[in-house]
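Have a look at run-v3.cif below; it lists mmCIF, N, CA and C atoms.
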data_upload
loop_
_atom_site.label_atom_id
_atom_site.label_comp_id
_atom_site.auth_asym_id
_atom_site.auth_seq_id
_atom_site.Cartn_x
_atom_site.Cartn_y
_atom_site.Cartn_z
N MET A 1 6.09 -14.88 0.02
CA MET A 1 4.66 -14.66 -0.16
C MET A 1 4.33 -14.99 -1.61
N THR A 2 3.22 -15.66 -1.80
CA THR A 2 2.80 -15.97 -3.16
C THR A 2 2.19 -14.74 -3.82
N ASP A 3 2.06 -14.77 -5.12
CA ASP A 3 1.43 -13.66 -5.84
C ASP A 3 -0.01 -13.46 -5.39
N LEU A 4 -0.71 -14.55 -5.14
CA LEU A 4 -2.10 -14.45 -4.69
C LEU A 4 -2.19 -13.81 -3.30
N GLU A 5 -1.29 -14.16 -2.40
CA GLU A 5 -1.27 -13.54 -1.07
C GLU A 5 -0.98 -12.05 -1.19
N TYR A 6 0.00 -11.71 -2.03
CA TYR A 6 0.31 -10.29 -2.25
C TYR A 6 -0.92 -9.54 -2.74
N LEU A 7 -1.59 -10.09 -3.74
CA LEU A 7 -2.76 -9.41 -4.31
C LEU A 7 -3.87 -9.26 -3.27
N ASP A 8 -4.07 -10.25 -2.42
CA ASP A 8 -5.08 -10.15 -1.37
C ASP A 8 -4.76 -9.01 -0.41
N HIS A 9 -3.52 -8.94 0.05
CA HIS A 9 -3.11 -7.88 0.99
C HIS A 9 -3.13 -6.50 0.32
N ALA A 10 -2.66 -6.45 -0.90
CA ALA A 10 -2.60 -5.17 -1.62
C ALA A 10 -4.01 -4.66 -1.93
N GLU A 11 -4.90 -5.54 -2.36
CA GLU A 11 -6.28 -5.13 -2.65
C GLU A 11 -6.97 -4.65 -1.38
N ALA A 12 -6.72 -5.32 -0.26
CA ALA A 12 -7.31 -4.87 1.02
C ALA A 12 -6.82 -3.47 1.36
N ALA A 13 -5.55 -3.18 1.10
CA ALA A 13 -5.01 -1.85 1.37
C ALA A 13 -5.67 -0.80 0.49
N LEU A 14 -5.80 -1.09 -0.81
CA LEU A 14 -6.43 -0.11 -1.71
C LEU A 14 -7.89 0.13 -1.36
N GLN A 15 -8.62 -0.92 -1.04
CA GLN A 15 -10.02 -0.76 -0.65
C GLN A 15 -10.14 0.06 0.64
N THR A 16 -9.22 -0.15 1.56
CA THR A 16 -9.23 0.60 2.82
C THR A 16 -8.97 2.09 2.55
N ILE A 17 -8.07 2.39 1.63
CA ILE A 17 -7.80 3.78 1.28
C ILE A 17 -9.03 4.42 0.65
N GLU A 18 -9.70 3.70 -0.25
CA GLU A 18 -10.92 4.22 -0.87
C GLU A 18 -11.99 4.51 0.18
N MET A 19 -12.20 3.58 1.08
CA MET A 19 -13.22 3.77 2.12
C MET A 19 -12.85 4.92 3.06
N ALA A 20 -11.56 5.08 3.33
CA ALA A 20 -11.12 6.19 4.18
C ALA A 20 -11.41 7.54 3.51
N CYS A 21 -11.21 7.61 2.20
CA CYS A 21 -11.53 8.85 1.47
C CYS A 21 -13.01 9.17 1.58
N ASP A 22 -13.86 8.17 1.43
CA ASP A 22 -15.30 8.39 1.58
C ASP A 22 -15.62 8.90 2.98
N ARG A 23 -15.01 8.28 4.00
CA ARG A 23 -15.24 8.71 5.39
C ARG A 23 -14.74 10.14 5.60
N ILE A 24 -13.57 10.44 5.09
CA ILE A 24 -13.00 11.79 5.24
C ILE A 24 -13.91 12.82 4.59
N ASN A 25 -14.42 12.52 3.41
CA ASN A 25 -15.31 13.46 2.72
C ASN A 25 -16.64 13.64 3.45
N ASP A 26 -17.12 12.58 4.11
CA ASP A 26 -18.36 12.68 4.88
C ASP A 26 -18.19 13.44 6.18
N GLU A 27 -17.02 13.30 6.80
CA GLU A 27 -16.81 13.84 8.15
C GLU A 27 -16.05 15.16 8.20
N THR A 28 -15.41 15.56 7.10
CA THR A 28 -14.62 16.79 7.10
C THR A 28 -14.96 17.61 5.85
N ASP A 29 -14.34 18.76 5.76
CA ASP A 29 -14.49 19.57 4.54
C ASP A 29 -13.23 19.49 3.68
N ALA A 30 -12.47 18.40 3.82
CA ALA A 30 -11.19 18.25 3.11
C ALA A 30 -11.36 18.11 1.60
N ASP A 31 -12.45 17.54 1.13
CA ASP A 31 -12.71 17.37 -0.30
C ASP A 31 -11.57 16.63 -1.01
N VAL A 32 -11.40 15.37 -0.64
CA VAL A 32 -10.40 14.51 -1.27
C VAL A 32 -11.10 13.68 -2.34
N ASP A 33 -10.75 13.94 -3.60
CA ASP A 33 -11.32 13.17 -4.70
C ASP A 33 -10.43 11.95 -4.90
N ASN A 34 -11.04 10.78 -4.92
CA ASN A 34 -10.25 9.57 -5.19
C ASN A 34 -10.80 8.87 -6.42
N GLN A 35 -9.88 8.52 -7.30
CA GLN A 35 -10.24 7.80 -8.52
C GLN A 35 -9.36 6.58 -8.61
N ARG A 36 -10.00 5.46 -8.90
CA ARG A 36 -9.25 4.21 -9.01
C ARG A 36 -9.32 3.70 -10.44
N THR A 37 -8.16 3.31 -10.93
CA THR A 37 -8.04 2.67 -12.23
C THR A 37 -7.18 1.43 -12.03
N GLY A 38 -7.81 0.26 -12.06
CA GLY A 38 -7.07 -0.98 -11.84
C GLY A 38 -6.38 -0.99 -10.50
N GLY A 39 -5.07 -1.13 -10.51
CA GLY A 39 -4.28 -1.18 -9.28
C GLY A 39 -3.71 0.17 -8.89
N MET A 40 -4.36 1.26 -9.27
CA MET A 40 -3.87 2.59 -8.95
C MET A 40 -5.00 3.47 -8.42
N ILE A 41 -4.69 4.20 -7.35
CA ILE A 41 -5.62 5.19 -6.81
C ILE A 41 -4.95 6.55 -6.88
N THR A 42 -5.67 7.53 -7.39
CA THR A 42 -5.20 8.90 -7.41
C THR A 42 -6.06 9.72 -6.46
N LEU A 43 -5.42 10.31 -5.45
CA LEU A 43 -6.10 11.21 -4.53
C LEU A 43 -5.79 12.63 -4.98
N THR A 44 -6.83 13.43 -5.20
CA THR A 44 -6.65 14.81 -5.62
C THR A 44 -7.24 15.71 -4.55
N PHE A 45 -6.47 16.69 -4.12
CA PHE A 45 -6.86 17.59 -3.04
C PHE A 45 -7.35 18.92 -3.60
N ALA A 46 -7.94 19.73 -2.74
CA ALA A 46 -8.54 21.00 -3.15
C ALA A 46 -7.55 21.91 -3.88
N ASP A 47 -6.27 21.84 -3.53
CA ASP A 47 -5.26 22.68 -4.19
C ASP A 47 -4.74 22.05 -5.48
N CYS A 48 -5.40 20.97 -5.93
CA CYS A 48 -5.06 20.24 -7.16
C CYS A 48 -3.79 19.37 -7.03
N SER A 49 -3.21 19.32 -5.85
CA SER A 49 -2.08 18.40 -5.66
C SER A 49 -2.61 16.97 -5.59
N GLN A 50 -1.73 16.02 -5.82
CA GLN A 50 -2.16 14.62 -5.85
C GLN A 50 -1.23 13.72 -5.05
N ILE A 51 -1.79 12.61 -4.62
CA ILE A 51 -1.02 11.47 -4.12
C ILE A 51 -1.46 10.29 -4.95
N ILE A 52 -0.50 9.56 -5.47
CA ILE A 52 -0.81 8.40 -6.30
C ILE A 52 -0.27 7.16 -5.60
N ILE A 53 -1.14 6.18 -5.46
CA ILE A 53 -0.78 4.91 -4.84
C ILE A 53 -1.03 3.83 -5.87
N ASN A 54 -0.01 3.03 -6.16
CA ASN A 54 -0.21 1.99 -7.16
C ASN A 54 0.53 0.72 -6.81
N LEU A 55 -0.01 -0.38 -7.32
CA LEU A 55 0.57 -1.69 -7.09
C LEU A 55 1.71 -1.92 -8.06
N GLN A 56 2.76 -2.52 -7.56
CA GLN A 56 3.88 -2.96 -8.38
C GLN A 56 3.95 -4.48 -8.23
N LYS A 57 3.13 -5.16 -9.02
CA LYS A 57 2.97 -6.62 -8.87
C LYS A 57 4.26 -7.41 -9.03
N PRO A 58 5.11 -7.11 -10.02
CA PRO A 58 6.33 -7.92 -10.17
C PRO A 58 7.24 -7.86 -8.93
N LEU A 59 7.21 -6.73 -8.22
CA LEU A 59 8.05 -6.56 -7.03
C LEU A 59 7.29 -6.86 -5.73
N GLN A 60 6.00 -7.13 -5.84
CA GLN A 60 5.13 -7.33 -4.69
C GLN A 60 5.22 -6.13 -3.73
N GLU A 61 5.09 -4.94 -4.29
CA GLU A 61 5.16 -3.70 -3.51
C GLU A 61 3.96 -2.82 -3.81
N ILE A 62 3.76 -1.84 -2.94
CA ILE A 62 2.86 -0.71 -3.18
C ILE A 62 3.75 0.52 -3.23
N TRP A 63 3.58 1.32 -4.26
CA TRP A 63 4.34 2.56 -4.38
C TRP A 63 3.41 3.74 -4.13
N MET A 64 3.96 4.77 -3.47
CA MET A 64 3.21 5.99 -3.23
C MET A 64 4.05 7.18 -3.69
N ALA A 65 3.42 8.06 -4.46
CA ALA A 65 4.06 9.30 -4.88
C ALA A 65 3.25 10.46 -4.30
N ALA A 66 3.94 11.34 -3.57
CA ALA A 66 3.32 12.52 -2.96
C ALA A 66 4.26 13.70 -3.18
N ARG A 67 3.83 14.87 -2.75
CA ARG A 67 4.72 16.03 -2.86
C ARG A 67 6.06 15.77 -2.19
N ALA A 68 6.03 15.00 -1.11
CA ALA A 68 7.24 14.73 -0.33
C ALA A 68 8.21 13.78 -1.03
N GLY A 69 7.75 13.09 -2.07
CA GLY A 69 8.63 12.18 -2.79
C GLY A 69 7.95 10.88 -3.15
N GLY A 70 8.75 9.90 -3.53
CA GLY A 70 8.24 8.58 -3.90
C GLY A 70 8.69 7.55 -2.88
N PHE A 71 7.81 6.61 -2.58
CA PHE A 71 8.06 5.65 -1.52
C PHE A 71 7.61 4.26 -1.95
N HIS A 72 8.35 3.24 -1.51
CA HIS A 72 8.05 1.85 -1.85
C HIS A 72 7.78 1.09 -0.57
N TYR A 73 6.70 0.30 -0.56
CA TYR A 73 6.29 -0.45 0.63
C TYR A 73 6.14 -1.92 0.31
N ARG A 74 6.61 -2.77 1.22
CA ARG A 74 6.47 -4.22 1.12
C ARG A 74 5.70 -4.73 2.32
N TYR A 75 4.92 -5.76 2.09
CA TYR A 75 4.14 -6.37 3.17
C TYR A 75 5.07 -7.21 4.04
N ASN A 76 5.09 -6.87 5.33
CA ASN A 76 6.01 -7.52 6.25
C ASN A 76 5.35 -7.63 7.62
N GLN A 77 5.15 -8.84 8.09
CA GLN A 77 4.58 -9.08 9.41
C GLN A 77 3.27 -8.33 9.62
N GLY A 78 2.40 -8.39 8.61
CA GLY A 78 1.07 -7.82 8.71
C GLY A 78 0.96 -6.33 8.43
N GLN A 79 2.04 -5.69 7.98
CA GLN A 79 2.01 -4.25 7.70
C GLN A 79 2.77 -3.94 6.42
N TRP A 80 2.37 -2.87 5.76
CA TRP A 80 3.09 -2.37 4.60
C TRP A 80 4.17 -1.42 5.10
N THR A 81 5.44 -1.82 4.97
CA THR A 81 6.54 -1.03 5.50
C THR A 81 7.43 -0.51 4.38
N ASP A 82 7.95 0.69 4.58
CA ASP A 82 8.84 1.32 3.61
C ASP A 82 10.10 0.48 3.47
N THR A 83 10.53 0.28 2.23
CA THR A 83 11.70 -0.57 1.97
C THR A 83 13.00 0.09 2.40
N LYS A 84 13.00 1.40 2.65
CA LYS A 84 14.23 2.09 3.06
C LYS A 84 14.30 2.33 4.56
N ASP A 85 13.22 2.87 5.13
CA ASP A 85 13.32 3.27 6.54
C ASP A 85 12.35 2.54 7.47
N GLY A 86 11.53 1.64 6.93
CA GLY A 86 10.63 0.86 7.77
C GLY A 86 9.37 1.59 8.23
N SER A 87 9.16 2.83 7.76
CA SER A 87 7.94 3.55 8.14
C SER A 87 6.73 2.84 7.54
N LEU A 88 5.56 3.11 8.09
CA LEU A 88 4.35 2.39 7.72
C LEU A 88 3.53 3.18 6.70
N LEU A 89 3.01 2.47 5.70
CA LEU A 89 2.25 3.09 4.62
C LEU A 89 1.12 3.97 5.13
N PHE A 90 0.28 3.45 6.00
CA PHE A 90 -0.90 4.21 6.39
C PHE A 90 -0.55 5.42 7.27
N GLU A 91 0.51 5.31 8.07
CA GLU A 91 0.97 6.48 8.85
C GLU A 91 1.52 7.56 7.93
N GLU A 92 2.31 7.13 6.96
CA GLU A 92 2.89 8.10 6.02
C GLU A 92 1.82 8.70 5.11
N LEU A 93 0.88 7.89 4.66
CA LEU A 93 -0.23 8.42 3.86
C LEU A 93 -1.00 9.46 4.65
N SER A 94 -1.26 9.19 5.92
CA SER A 94 -1.95 10.18 6.77
C SER A 94 -1.15 11.47 6.86
N ARG A 95 0.16 11.33 7.05
CA ARG A 95 1.01 12.52 7.19
C ARG A 95 1.04 13.34 5.90
N TYR A 96 1.26 12.69 4.76
CA TYR A 96 1.37 13.43 3.51
C TYR A 96 0.01 13.97 3.05
N ALA A 97 -1.05 13.21 3.25
CA ALA A 97 -2.39 13.69 2.89
C ALA A 97 -2.78 14.88 3.76
N SER A 98 -2.44 14.84 5.03
CA SER A 98 -2.73 15.97 5.93
C SER A 98 -2.00 17.22 5.46
N ALA A 99 -0.74 17.06 5.09
CA ALA A 99 0.04 18.21 4.61
C ALA A 99 -0.57 18.79 3.34
N GLN A 100 -0.98 17.93 2.43
CA GLN A 100 -1.52 18.41 1.16
C GLN A 100 -2.95 18.93 1.31
N ALA A 101 -3.71 18.43 2.27
CA ALA A 101 -5.08 18.91 2.49
C ALA A 101 -5.11 20.15 3.38
N GLY A 102 -4.03 20.37 4.13
CA GLY A 102 -4.00 21.51 5.04
C GLY A 102 -4.81 21.28 6.31
N GLN A 103 -5.11 20.03 6.62
CA GLN A 103 -5.81 19.68 7.86
C GLN A 103 -5.53 18.22 8.18
N PRO A 104 -5.70 17.85 9.44
CA PRO A 104 -5.41 16.45 9.82
C PRO A 104 -6.34 15.46 9.15
N LEU A 105 -5.76 14.47 8.50
CA LEU A 105 -6.53 13.38 7.89
C LEU A 105 -5.93 12.07 8.40
N VAL A 106 -6.79 11.09 8.64
CA VAL A 106 -6.32 9.80 9.18
C VAL A 106 -6.71 8.67 8.25
N PHE A 107 -5.72 7.90 7.85
CA PHE A 107 -5.92 6.68 7.09
C PHE A 107 -5.42 5.54 7.98
N ASN A 108 -6.33 4.65 8.34
CA ASN A 108 -5.98 3.52 9.19
C ASN A 108 -5.79 2.27 8.35
N PRO A 109 -4.89 1.39 8.76
CA PRO A 109 -4.67 0.15 8.00
C PRO A 109 -5.90 -0.76 8.07
N PRO A 110 -5.97 -1.73 7.16
CA PRO A 110 -7.09 -2.67 7.21
C PRO A 110 -7.12 -3.40 8.54
N ALA A 111 -8.32 -3.68 8.99
CA ALA A 111 -8.46 -4.37 10.30
C ALA A 111 -8.18 -5.84 10.16
#
Translate the structure described by the file into structure tokens.
Amino acid sequence: MTDLEYLDHAEAALQTIEMACDRINDETDADVDNQRTGGMITLTFADCSQIIINLQKPLQEIWMAARAGGFHYRYNQGQWTDTKDGSLLFEELSRYASAQAGQPLVFNPPA
């Protein structure tokens, strides 16, 4: 994958996460604050815990840090997959965000 292709896919993922936070805040009482600085999004939950998602351009990866640990994802066959176990970024983000928010939250991949 070229650097430009990586950036296109990675930017689509970050924009999708931002839009999902807006939707979650409109439709639930989860109160997920999202702040973006360049290639990094910080999600802050009501209990002050955070999930940080950031681009790792030299490696063409997206990294996510949550209470559960740190995870690395690479774009593979149209999905961001964990480099260790093959789990999917948006499924894992939903799982960890739900745990930290104390209620079910859904983050869907870009269409």
So, with only C-alpha atoms as the atoms that count, which of A:Trp63, A:Phe90, A:Tyr96, A:Trp80 lies closest to Thr16 in chain A? A:Phe90
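Pairwise distance (CA of Glu27 in chain A, CA of Asp47 in chain A) equals 19.1 Å.
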Find the residues around Arg67 in chain A up to 12 Å (only C-alpha atoms counted), leave out those fewer than 4 positions away in its own chain, and share them as a PyMOL selection string. chain A and resi 43-45+48-52+71+93+95-101
Could you write out, as a VMD selection string, all the residues of chain A that DSSP marks as alpha helix (DSSP H)? chain A and resid 3 to 27 89 to 101
Interatomic distance, CA of Tyr6 in chain A to CA of Lys57 in chain A (Å, one decimal): 8.0 Å
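Proximity ranking of A:Pro58, A:His72, A:Ala66, A:Lys84 relative to Leu4 in chain A places A:Pro58 first, based on only C-alpha atoms.
Atom pair CA of Glu91 in chain A / CA of Thr2 in chain A: separated by 25.5 Å.
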Enclosing box along x, y and z for every listed atom of range 25-34 of chain A, padded 5 Å each side, centre and size in Å, one decimal, as lines of an AutoDock Vina configuration file:
center_x = -14.3
center_y = 14.2
center_z = 0.9
size_x = 18.1
size_y = 20.7
size_z = 24.6
For the PyMOL selection byres (((chain A and resi 29 and name CA) around 12) and name CA), applied here, can you spell out every residue it catches as a ChimeraX atom specification? /A:21-28,30-33,45-46,101-105
Could you list, as a ChimeraX atom specification, every residue matched by the PyMOL selection byres (((chain A and resi 10 and name CA) around 10) and name CA) in this structure? /A:4-9,11-16,39,54-57,60-62,74-75,80
Quick check for you: according to DSSP on this backbone, which residues of chain A are classed as strand (DSSP E)? Reply as number ranges by chain. A: 33-37, 40-44, 50-56, 61-66, 69-76, 79-82
